[in-house]
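In what follows, a structure is listed as C-alpha cells, so that the remarks can point back to it.
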Amino acid sequence: MDDMIRFEVRGTVKAALRFKEFPDQLRDELLKEMNALGREAFELVAAAVPHRTGRLASEEQLLIVNEPNVVGAVVNFEGDGADQNDFKKAGALEYGSSGKRQQVKEHAFMLDHVFDRMLAAPEIAIVEAYERTPNLAPDFFVRGPMAAMQGNIFERLEAVVTRAADAANQE
C-alpha cells in the first residue's frame, strides 16, 4: 500500500499527490483542494517576494497539475524570456550568493548627480577595474512560505483521501 499513494512536497515549491492508479471518484475532490492550497501558497509567496521593482512579483505563476497519476500545484516564476538572467537573479535572491570572486572591467558611465545634488551638466565618470565577492543573504521568499505550509498540506490532503476512502467503504 505504501507505494500506491505518495504525498510529496518536492523542492519546497511543489505539492503533489501521486497514485499508481488514480481513483476517479477522488480526482475532483483533490483538484478542489489543490486549487485551494495552490492559491494559498501563491498568496503567501506573493507577500514574501522582494518588491524592489515589482518585476519578479509580476512573473509569479500558479500551475495546477492534473495528470493521469498526479494532481498537484506548483508556484514558480516564469519571465517573458527577454532577459535570460532573470531566472539566475531570482535564484540568487532565494538561495543567496557568495563565494567566487568576480572581475569587474573598467567602464564609463554618465553621471548627472552626486548624492542628492544635481550637476550643472552631465559628466563622464570612469570606474577602474576591480574584483568583488558577492555576498547576498538568502531571502527564502518561496521556500519559507512553502515550508510553513508543509504540515497543513499533508493534513488537508490526507483528510480528502480519508473522506474518499470512508465514502467508498460505505458503498
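Please note that chains go A, B, ... in the order of the C-alpha cells, that every chain numbers its residues from 1, and that ligands are numbered from 1 in the order shown.
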
Exercise. Just asking: which residues within chain A are helix (DSSP H, G or I) according to DSSP, as JSON, numbers by chain?
Worked result: {"A": [24, 25, 26, 27, 28, 29, 30, 31, 32, 33, 34, 35, 36, 37, 38, 39, 40, 41, 42, 43, 44, 45, 46, 47, 48, 55, 56, 57, 58, 86, 87, 88, 89, 90, 91, 92, 93, 94, 95, 143, 144, 145, 146, 147, 148, 149, 150, 151, 152, 153, 154, 155, 156, 157, 158, 159, 160, 161, 162, 163, 164, 165, 166, 167, 168, 169, 170]}

Stretch 107-109 of chain A surroundings by only C-alpha atoms, 10 Å radius, close-in-sequence under 3 positions cut, as a PDB file with C-alpha atoms, in the first residue's frame:
ATOM      1  CA  VAL A 104      34.593  43.916 -12.995  1.00  0.00           C
ATOM      2  CA  ASP A 112      24.262  63.723 -13.616  1.00  0.00           C
ATOM      3  CA  PRO A 122      26.335  65.532 -17.056  1.00  0.00           C
ATOM      4  CA  GLU A 123      29.885  64.269 -16.736  1.00  0.00           C
ATOM      5  CA  ILE A 124      31.569  61.036 -17.756  1.00  0.00           C
ATOM      6  CA  ALA A 125      32.838  59.004 -14.824  1.00  0.00           C
ATOM      7  CA  ILE A 126      35.449  56.258 -15.244  1.00  0.00           C
ATOM      8  CA  VAL A 127      35.379  53.269 -12.914  1.00  0.00           C
ATOM      9  CA  GLU A 128      38.656  51.367 -12.728  1.00  0.00           C
ATOM     10  CA  ALA A 129      38.688  47.564 -12.938  1.00  0.00           C
TER      11      ALA A 129
END

Sort by chain and increasing residue number a table of all residues of stretch 36-98 of chain A within 8 Å of stretch 136-145 of chain A, each with its closest pair of atoms and their distance in Å to one decimal, counting only C-alpha atoms, and write it as a tab-separated table.
residue	atom	partner	partner_atom	distance
A:Ala41	CA	A:Pro145	CA	6.9
A:Leu44	CA	A:Pro145	CA	5.9
A:Val45	CA	A:Val142	CA	5.5
A:Ala48	CA	A:Phe141	CA	5.0
A:Val49	CA	A:Phe141	CA	5.1
A:Pro50	CA	A:Phe141	CA	7.5
A:Ala92	CA	A:Pro138	CA	7.4
A:Leu93	CA	A:Asp139	CA	5.8
A:Glu94	CA	A:Asp139	CA	4.9
A:Tyr95	CA	A:Pro138	CA	4.6
A:Gly96	CA	A:Pro138	CA	3.8
A:Ser97	CA	A:Leu136	CA	4.9
A:Ser98	CA	A:Leu136	CA	6.4

Same residues, N, CA and C atoms, saved as an mmCIF file, in the first residue's frame:
data_model
loop_
_atom_site.group_PDB
_atom_site.id
_atom_site.type_symbol
_atom_site.label_atom_id
_atom_site.label_comp_id
_atom_site.auth_asym_id
_atom_site.auth_seq_id
_atom_site.Cartn_x
_atom_site.Cartn_y
_atom_site.Cartn_z
ATOM 1 N N ALA A 41 -0.711 29.152 -1.305
ATOM 2 C CA ALA A 41 0.751 29.224 -1.481
ATOM 3 C C ALA A 41 1.120 30.419 -2.349
ATOM 4 N N LEU A 44 0.877 33.559 -0.243
ATOM 5 C CA LEU A 44 1.966 33.659 0.736
ATOM 6 C C LEU A 44 3.285 34.023 0.064
ATOM 7 N N VAL A 45 3.564 33.410 -1.086
ATOM 8 C CA VAL A 45 4.795 33.723 -1.814
ATOM 9 C C VAL A 45 4.737 35.159 -2.338
ATOM 10 N N ALA A 48 5.696 37.503 0.239
ATOM 11 C CA ALA A 48 7.089 37.413 0.673
ATOM 12 C C ALA A 48 8.101 37.803 -0.405
ATOM 13 N N VAL A 49 7.686 37.856 -1.672
ATOM 14 C CA VAL A 49 8.629 38.122 -2.757
ATOM 15 C C VAL A 49 9.177 39.556 -2.645
ATOM 16 N N PRO A 50 10.463 39.742 -2.896
ATOM 17 C CA PRO A 50 11.030 41.101 -2.867
ATOM 18 C C PRO A 50 10.347 41.995 -3.904
ATOM 19 N N ALA A 92 19.364 33.690 -7.097
ATOM 20 C CA ALA A 92 20.316 34.327 -6.184
ATOM 21 C C ALA A 92 19.587 34.973 -5.012
ATOM 22 N N LEU A 93 18.429 35.566 -5.277
ATOM 23 C CA LEU A 93 17.644 36.153 -4.184
ATOM 24 C C LEU A 93 17.119 35.077 -3.242
ATOM 25 N N GLU A 94 16.606 33.984 -3.807
ATOM 26 C CA GLU A 94 16.029 32.910 -2.994
ATOM 27 C C GLU A 94 17.096 32.169 -2.195
ATOM 28 N N TYR A 95 18.187 31.769 -2.860
ATOM 29 C CA TYR A 95 19.189 30.909 -2.238
ATOM 30 C C TYR A 95 20.390 31.665 -1.687
ATOM 31 N N GLY A 96 20.546 32.935 -2.057
ATOM 32 C CA GLY A 96 21.705 33.699 -1.640
ATOM 33 C C GLY A 96 22.869 33.455 -2.590
ATOM 34 N N SER A 97 23.904 34.236 -2.447
ATOM 35 C CA SER A 97 25.059 34.107 -3.315
ATOM 36 C C SER A 97 26.300 34.542 -2.542
ATOM 37 N N SER A 98 27.309 33.734 -2.637
ATOM 38 C CA SER A 98 28.592 34.106 -2.044
ATOM 39 C C SER A 98 29.664 33.240 -2.678
#

For this session: Could you give me, as a list of chain:residue names, the residues within 12 Å of A:Glu43, counting only C-alpha atoms and dropping anything in the same chain fewer than 3 positions from it?
Result: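 Near A:Glu43, the qualifying residues are A:Ala36, A:Leu37, A:Gly38, A:Arg39, A:Glu40, A:Ala46, A:Ala47, A:Ala48, A:Val49, A:Ala57, A:Glu60, A:Gln61, A:Leu62, A:Val75, A:Phe141, A:Val142, A:Pro145, A:Met146, A:Met149.
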
Please save C-alpha atoms of the selected residues as a PDB file, in the first residue's frame.
ATOM      1  CA  ALA A  36      -7.209  25.997  -2.716  1.00  0.00           C
ATOM      2  CA  LEU A  37      -3.726  25.027  -1.494  1.00  0.00           C
ATOM      3  CA  GLY A  38      -2.149  26.468  -4.646  1.00  0.00           C
ATOM      4  CA  ARG A  39      -3.955  29.796  -4.228  1.00  0.00           C
ATOM      5  CA  GLU A  40      -2.880  29.978  -0.574  1.00  0.00           C
ATOM      6  CA  ALA A  46       3.426  36.942  -3.362  1.00  0.00           C
ATOM      7  CA  ALA A  47       3.504  38.575   0.073  1.00  0.00           C
ATOM      8  CA  ALA A  48       7.089  37.413   0.673  1.00  0.00           C
ATOM      9  CA  VAL A  49       8.629  38.122  -2.757  1.00  0.00           C
ATOM     10  CA  ALA A  57       6.354  39.579  -8.414  1.00  0.00           C
ATOM     11  CA  GLU A  60       4.904  34.573 -10.321  1.00  0.00           C
ATOM     12  CA  GLN A  61       2.674  31.803 -11.659  1.00  0.00           C
ATOM     13  CA  LEU A  62       0.421  29.130 -10.211  1.00  0.00           C
ATOM     14  CA  VAL A  75       4.220  28.049  -7.638  1.00  0.00           C
ATOM     15  CA  PHE A 141      10.598  34.049  -0.355  1.00  0.00           C
ATOM     16  CA  VAL A 142       9.452  30.732  -1.912  1.00  0.00           C
ATOM     17  CA  PRO A 145       6.089  30.046   2.845  1.00  0.00           C
ATOM     18  CA  MET A 146       6.083  26.504   1.422  1.00  0.00           C
ATOM     19  CA  MET A 149       2.512  25.235   4.764  1.00  0.00           C
TER      20      MET A 149
END

Exercise. From the set A:Gly99, A:Leu30, A:Ala148, A:Lys89, which residue has the shortest atom-to-atom contact distance to A:Val70, counting only C-alpha atoms?
Worked result: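 Counting only C-alpha atoms, the residue closest to A:Val70 is A:Leu30.
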
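Proximity of A:Ser58, A:Val160, A:Ala121, A:Ala167 to A:Lys32, computed with only C-alpha atoms, is greatest for A:Val160.
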
Exercise. If you run DSSP on the backbone, which residues of chain A are strand (DSSP E or B), as a PyMOL selection string?
Worked result: chain A and resi 5-10+14-19+60-67+70-77+97-98+102-104+107-114+117-127+130-132+135-136

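When only C-alpha atoms are used to compute distances to A:Arg156, the closest of the residues A:Glu78, A:Asp116, A:Asp24, A:Glu33 turns out to be A:Glu33.
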